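Enquirer: Sharing a structure below in structure tokens format, with a few things to ask.
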Amino acid sequence: MSTFRFHGGRHCLNLIATVSRRRTERVERLATPADLGRWFAEAGLVPPDSPALPRTPAVGEPELRQAHVLREAVYELFTASRREREIPPEALAVVNGWAARPGPAERLEAGSGGRLRRVRGEATAETLLAEIARDAVDLLGGPLAARVRECGLEPCTLLFLDTSRSGHRRWCSMDGCGARAKMAAYRARRAAREGP
Ligand SMILES: [Zn+2]
């Protein structure tokens, strides 16, 4: 069973991160419909267990294919935007098409003392993909787009939103790629000091 990466800081980036090492062996973490159902739950996109609502929406092969198509389209837009290349029109149409579809239902629940609580209703794979597409529209179309970076450690290739104050975050995660990069730099320095 694949473990998912949630270092991106946004749902659309975390969906892209279900493929890692994109320029080398390409590790696919959404291989089965069950993987996608589990990803929705682990991403926090579906409400916690309740008797009335199944924790994960029903996901079949068609939904898995739709998720792959949306994911790759979002990735293409981020890549073109980061590299200041021409925006691929097919990818744009896929993301805009999903963003125009209805998202998961939300409602208000009354509590005591005039309190109101925002509660998410039942979600389907389609409504969740629409929500992720709108997250991509929000991120790519706003000022934070310039803060989306690719992990600096080859061959990772994960994208993340750099929310650090300095704006110089280099790795998808400090305890994963960051620790490996620092260890590699330390070994290189030591090797250089000790000579051949
Ligand atoms: Zn990384």
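Chain labels follow the order of the structure tokens: the first chain is A, the next B, and so on; residue numbering restarts at 1 in every chain, and ligands are counted from 1 in their shown order.
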Please check which protein, DNA or RNA residues sit within 8 Å of ligand 1, counting only C-alpha atoms and all ligand atoms, and write them as a ChimeraX atom specification.

Expert: /A:150-158,171-173,176-178

Enquirer: Write to file, as a compact mmCIF listing (two decimals), in the first residue's frame, the residues of the selection just made, with N, CA and C atoms.

Expert:
# COMPACT_ATOMS: atom_id res chain seq x y z
N GLU A 150 9.66 23.50 -6.84
CA GLU A 150 9.90 22.07 -6.95
C GLU A 150 11.00 21.70 -5.97
N CYS A 151 10.84 20.53 -5.35
CA CYS A 151 11.83 20.06 -4.38
C CYS A 151 13.22 20.08 -5.02
N GLY A 152 14.20 20.59 -4.25
CA GLY A 152 15.55 20.76 -4.79
C GLY A 152 16.38 19.50 -4.80
N LEU A 153 15.84 18.40 -4.30
CA LEU A 153 16.64 17.18 -4.26
C LEU A 153 16.19 16.25 -5.39
N GLU A 154 17.08 15.97 -6.30
CA GLU A 154 16.79 14.99 -7.35
C GLU A 154 16.78 13.60 -6.71
N PRO A 155 15.93 12.70 -7.17
CA PRO A 155 14.97 12.83 -8.27
C PRO A 155 13.54 13.07 -7.81
N CYS A 156 13.34 13.74 -6.65
CA CYS A 156 12.02 13.83 -6.00
C CYS A 156 10.92 14.43 -6.90
N THR A 157 11.12 15.65 -7.39
CA THR A 157 10.20 16.40 -8.27
C THR A 157 8.87 16.85 -7.64
N LEU A 158 8.68 16.67 -6.32
CA LEU A 158 7.41 17.12 -5.72
C LEU A 158 7.34 18.65 -5.71
N TRP A 171 13.19 22.24 0.02
CA TRP A 171 12.84 20.84 -0.08
C TRP A 171 11.37 20.61 0.25
N CYS A 172 10.82 19.50 -0.29
CA CYS A 172 9.41 19.21 -0.05
C CYS A 172 9.16 18.98 1.43
N SER A 173 10.11 18.35 2.12
CA SER A 173 9.96 18.16 3.57
C SER A 173 11.33 18.21 4.22
N GLY A 176 12.47 14.61 5.31
CA GLY A 176 12.70 13.66 4.21
C GLY A 176 13.84 14.16 3.34
N CYS A 177 13.48 14.81 2.25
CA CYS A 177 14.48 15.28 1.29
C CYS A 177 15.46 16.28 1.91
N GLY A 178 14.97 17.15 2.81
CA GLY A 178 15.85 18.13 3.44
C GLY A 178 16.97 17.46 4.21

Enquirer: Taking the backbone alone, and naming residues the way the document does, which bits of region 3-174 of chain A are strand (DSSP E) by DSSP, as a list in words?

Expert: Val19, Ser20, Val27, Glu28, Glu106, Arg107, Leu108, Glu109, Ala110, Leu116, Arg117, Arg118, Val119, Arg120, Val148, Arg149, Glu150, Leu159, Phe160 and Leu161 of chain A

Enquirer: Can you pull out every residue within 8 Å of region 102-111 of chain A, counting only C-alpha atoms, but drop anything in the same chain fewer than 5 positions away, and send it as a list in words?

Expert: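 The contact residues come out as Leu116, Arg117, Arg118, Val119, Arg120, Gly121, Glu122, Ala123, Thr124, Glu126, Thr127, Leu128, Leu129, Ala130 and Glu131 of chain A.
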
Enquirer: So what do you get for CA of Leu70 (chain A) versus CA of Asp162 (chain A), distance-wise?

Expert: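 These two atoms are separated by 22.7 Å.
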
Enquirer: CA of Pro33 (chain A) to CA of Gly60 (chain A): how many Å, to one decimal?

Expert: 5.2 Å

Enquirer: Determine which residues of region 60-153 of chain A receive a DSSP assignment of alpha helix (DSSP H), computed from the backbone, and state them as a PyMOL selection string.

Expert: chain A and resi 61-82+89-99+125-140

Enquirer: From the list A:Gly113, A:Ala191, A:Ala136, A:Gly97, which residue is nearest Ile16 (chain A) when using only C-alpha atoms?

Expert: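 Among the listed residues, A:Ala136 lies closest to Ile16 (chain A).
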
Enquirer: Just checking: using only C-alpha atoms, which residue out of A:Ala43, A:Val148, A:Ala179, A:Leu36 ends up closest to Phe6 (chain A)?

Expert: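 Using only C-alpha atoms, Phe6 (chain A) sits closest to A:Ala43.
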
Enquirer: So which one's closest to Arg29 (chain A), A:Arg83, A:Arg165, A:His68, A:His7? Using only C-alpha atoms, please.

Expert: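 Of the candidates, the smallest distance to Arg29 (chain A) is held by A:His68.
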
Enquirer: Can you tell me, as a count of residues only, what residues are no more than 10 Å from Asp35 (chain A) when counting only C-alpha atoms, ignoring any on the same chain fewer than 2 positions away?

Expert: 17

Enquirer: Would you compute the distance between CA of Glu28 (chain A) and CA of Leu139 (chain A)? Give it in Å to one decimal.

Expert: 23.9 Å

Enquirer: Have a look at A:Leu13, A:Ala133, A:Val27, A:Leu45 and name the one nearest to Gln66 (chain A); count only C-alpha atoms.

Expert: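 With only C-alpha atoms as the atom set, the closest residue is A:Ala133.
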